[in-house]
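Have a look at the structure below, then the notes.
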Amino acid sequence: MLIAFSNYLADSNGTYTFTGGQNPAYINYTFMRVFNAAFGIALTPMAFLTCRQLRMPSHFAALAALFVTFDNAICVMSRFILLDAPLLCFTALSLTMLSYFYRQRANPFSPEWFRYLFMTGIALGLVSSSKWVGFFAIALVGLYTIHELYEMFCNVRIPVRDYAKHWLFRIMALLITPFVIYLSCFAVHFLMLNRYDNSANFMPMGFQVRLRGNPLSRQPFDIQTGSKVRLYSQESGTGYLHSHSHKYPTGSQRQQITGYGFADQNNFWNIERRKVAGTFKNIDDVSPHDAPVDGPIGNGDVIALHHNSTNSYLYSESSFRAPVSSEFSEVSAIGNETTEARLSNSLWVVEIVNPEKRMDDGRIHPLGTPLRLRNLATNCILVATGERLDKNWGWGQAEVACDNNNEVSLKSSKHLWTVERNSNKDLPAVDLGKYMSTSFFKNFAVLNKQMWLTNNALIPDHDKHNVLESDPWSWPFMVYPMRMVGWDDSSIKYLEVGNPFLWWGSATACLLFPLQLLYWLVRWQRKCMNWRATEFREYIDGAMILWGGWALHYLPFFAMGRVTYIHHYLPALYFGILFLAYQIYNVSSWYVSERGLYRILLTCATTALFGFWWFSPLTYGWDKPIGDLKGMQWASSWPVYEDKFEL
């Protein structure tokens with residue numbers, strides 16, 4: 001929404017979709033880039049203020065700010081209109097507010113204590129609302145808070161009443177406040193984005209029907225024999241009930257039934273009622289040969305679903321297992337003229353589940369009557385399994401099967417389908433919006449679930465190399481910098497390469513710190529520590545906040561199955577760079593004089609400035625042939641002059 005806001009401030013009319021190529025003249029593209037760059041600029045003062053609160057002297061705090069300012073990767077990402085700059089800014093803001101609150105720990109319940117406690121909560125709300133990576137900042141503050149509350153618990157001099165207040169105010173500031181901000185962002189999102197688009201198809205029908213320009217809002221109210229319908233699964237990521245001429249490679253080897261998330265003619269089915277509920281006692285009384293029965297279709301009616309494009313019927317047979325989820329039966333489509341079409345396996349019983357109150361009349365209606373389809377012959381229920389078919393034969397579409405478990409919960413979204421589209425030229429269209437209800441919290445939950453599924457669907461393809469992707473192990477030492485744009489001679493070339501001295505230095509400092517802790521633990525056990533207790537506590541608190549931030553923003557990526565890029569390391573890099581400056585100051589102050597400290601500071605600043613200057617052509621854009629730019633290949637794996645894995 002921040003990027004959309006910058007687009008609005010740049011006098012855009014909202015029609016440009018940023019598909020690439022030449023930008024329209026009516027968009028103030030420069031303003032939008034400056035707006036985004038401002039988030040990167042804000043990192044410099046926040047780095048300085050954070051280090052000052054962690055008891056670093058002003059000249060070394062300035063060194064930390066200089067490190068952040070003159071890292072090429074942070075700089076180049078801030079120059080693009082991407083989400084990473086706001087994420088970095090709010091991550092840094094969370095750390096700054098935490099450091100200020102940390103300094104107030106000796107003054108509980110003072111005005112400053114309350115101010116920085118709640119400002120930390122606000123910062124956490126902002127960072128978690130920008131990208132889900134922001135939840136790592138919540139984890140950092142949460143672990144710090146747990147540590148602090150545990151120390152208070154062990155301190156018998158703190159009254160129980162005061163200890164309870166510490167819990168109460170932290171819950172209000174660090175849990176409730178971020179959650180309210182997170183909710184508020186979605187409330188604004190729903191309020192502002194009120195026009196219909198196909199991308200909203202996964203949202204609840206009550207939400208969709210209220211969007212301006214939604215073609216679904218006016219449809220025939222009743223669904224009768226002969227109506228052409230489009231069924232949508234309530235299981236996120238499945239989409240429409242779909243079929244096509246391709247066959248299963250295993251099982252029955254009949255025509256596939258899948259879930260497809262995009263509008264397509266293969267999503268449409270003609271609905272035919274074969275028996276009205278209450279007019280038959282058992283399945284022997286129902287035959288596929290029965291003539292279709294006119295009238296609105298209701299709960300308990302027996303129907304057949306005829307696939308228009310392929311002249312086939314929805315069919316299930318318990319002797320064949322689903323291709324991916326073997327605990328379910330296969331669902332297929334059988335031709336209208338085949339022997340199987342004469343079996344009751346092609347008939348389905350309609351079961352209405354929790355309809356909209358204004359549509360609760362025993363009949364099915366578009367959008368507002370979720371239903372289950374139970375196969376008349378096998379008694380199984382049509383289910384969206386949540387799995388994906390093989391991309392080589394199933395095109396990666398969602399698996400649809402039949403569930404023989406009769407204990408299925410009525411709330412199971414996997415088994416629920418909604419008639420999303422109803423076409424019948426013999427019936428008048430009505431405004432369905434007046435029949436539909438909606439709930440902010442339901443819309444919020446559905447959208448967040450879809451965000452989760454979409455994020456997890458971004459999986460790497462290990463069968464081919466992608467020059468943009470990189471694995472987490474390669475990030476700290478910048479093994480594979482990323483080309484951000486095209487690399488031909490006429491392109492302006494940007495490479496997401498960091499300042500090598502800062503990346504390699506911060507990675508070394510962070511990786512060696514656990515060994516440093518182990519060394520001090522051994523010395524403490526041997527009673528040979530030469531620290532005063534207060535000095536060591538001040539050092540270790542700051543070190544653990546910064547190192548913990550690096551670890552929490554880096555290590556979780558090893559457990560993720562999604563595709564990863566080097567820019568995912570930038571929040572961890574911010575913590576790592578501050579930790580590098582923190583270590584340079586503290587370790588140097590143990591061994592060298594005051595004059596020696598200034599020499600170290602000057603050497604580190606000069607080195608960082610040199611590294612930034614050297615790679616600045618690829619940070620600000622190189623518009624000549626890349627071969628004219630010498631000395632950029634500091635590691636053989638860097639794709640500066642060629643991509644060694646390019647096919």
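Residue names in the structure tokens use chain letters A, B, ... in the order shown, residue numbers from 1 in each chain, and ligand numbers from 1 in the order shown.
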
#### Entry: Residues within 9 Å of A:Pro220, only C-alpha atoms, excluding chain neighbours under 5 positions, as a ChimeraX atom specification
/A:365-366,422-425,427-432

### Message
As an exercise, work out the distance from atom CA of A:Ser316 to atom CA of A:Ala263 in Å and give it to one decimal place.
### Response
24.5 Å

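The nearest approach to A:Ser227 among the residues A:Val276, A:Ile158, A:Cys402, A:Ile303, with only C-alpha atoms taken into account, belongs to A:Ile303.
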
### Task
List every residue of stretch 289-528 of chain A that DSSP, applied to the backbone of this structure, assigns to helix (DSSP H, G or I), and report them as a VMD selection string.
chain A and resid 340 to 342 344 to 346 357 to 359 413 to 415 432 to 435 440 to 456 472 to 474 500 to 525

### Task
Please provide as a ChimeraX atom specification all residues within 7 Å of A:Leu416, with the sequence filter that same-chain residues fewer than 2 positions apart are discarded (counting only C-alpha atoms).
/A:233-234,370-372,412-414,418

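Reported to one decimal place, the separation of atom CA of A:Ala401 from atom CA of A:Glu330 is 5.2 Å.
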
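Using only C-alpha atoms, the residues found no farther than 7 Å from stretch 356-360 of chain A, other than those of its own chain fewer than 5 positions away, are A:Gly368, A:Thr369, A:Tyr435, A:Met436.
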
Once you have the residues from the selection above, write them out as an mmCIF file, in the first residue's frame, restricted to N, CA and C atoms.
```cif
data_model
loop_
_atom_site.group_PDB
_atom_site.id
_atom_site.type_symbol
_atom_site.label_atom_id
_atom_site.label_comp_id
_atom_site.auth_asym_id
_atom_site.auth_seq_id
_atom_site.Cartn_x
_atom_site.Cartn_y
_atom_site.Cartn_z
ATOM 1 N N GLY A 368 -24.122 -18.248 -2.489
ATOM 2 C CA GLY A 368 -24.462 -18.282 -1.063
ATOM 3 C C GLY A 368 -24.849 -19.618 -0.492
ATOM 4 N N THR A 369 -24.802 -20.704 -1.266
ATOM 5 C CA THR A 369 -25.165 -22.016 -0.719
ATOM 6 C C THR A 369 -24.022 -23.002 -0.938
ATOM 7 N N TYR A 435 -28.492 -10.621 -0.773
ATOM 8 C CA TYR A 435 -28.664 -11.909 -0.100
ATOM 9 C C TYR A 435 -27.409 -12.359 0.644
ATOM 10 N N MET A 436 -26.287 -11.691 0.403
ATOM 11 C CA MET A 436 -25.001 -12.163 0.899
ATOM 12 C C MET A 436 -24.531 -11.352 2.104
#
```

### Message
Please list as a ChimeraX atom specification every residue within 12 Å of stretch 285-296 of chain A, counting only C-alpha atoms and excluding residues in the same chain fewer than 2 positions away.
### Response
/A:220-227,270-283,298-299,301-306,313,315,336-337,339-349,361-365,376-377,424,426-427

### Message
Taking the DSSP secondary structure from the backbone, can you list the residues of stretch 214-435 of chain A that are strand (DSSP E or B), as JSON, numbers by chain?
### Response
{"A": [218, 219, 220, 224, 228, 229, 230, 231, 232, 233, 240, 241, 242, 243, 244, 245, 246, 247, 255, 256, 257, 258, 259, 260, 268, 269, 270, 271, 272, 273, 274, 275, 296, 298, 302, 303, 304, 305, 306, 307, 312, 313, 314, 315, 316, 317, 318, 319, 320, 321, 329, 330, 331, 332, 333, 334, 335, 348, 349, 350, 351, 352, 363, 371, 372, 373, 374, 375, 381, 382, 383, 384, 385, 386, 387, 388, 398, 399, 400, 401, 402, 403, 417, 418, 419, 420, 421, 422, 423, 429, 430, 431]}

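We find atom CA of A:Pro639 and atom CA of A:Leu552 to be spaced 28.6 Å apart.
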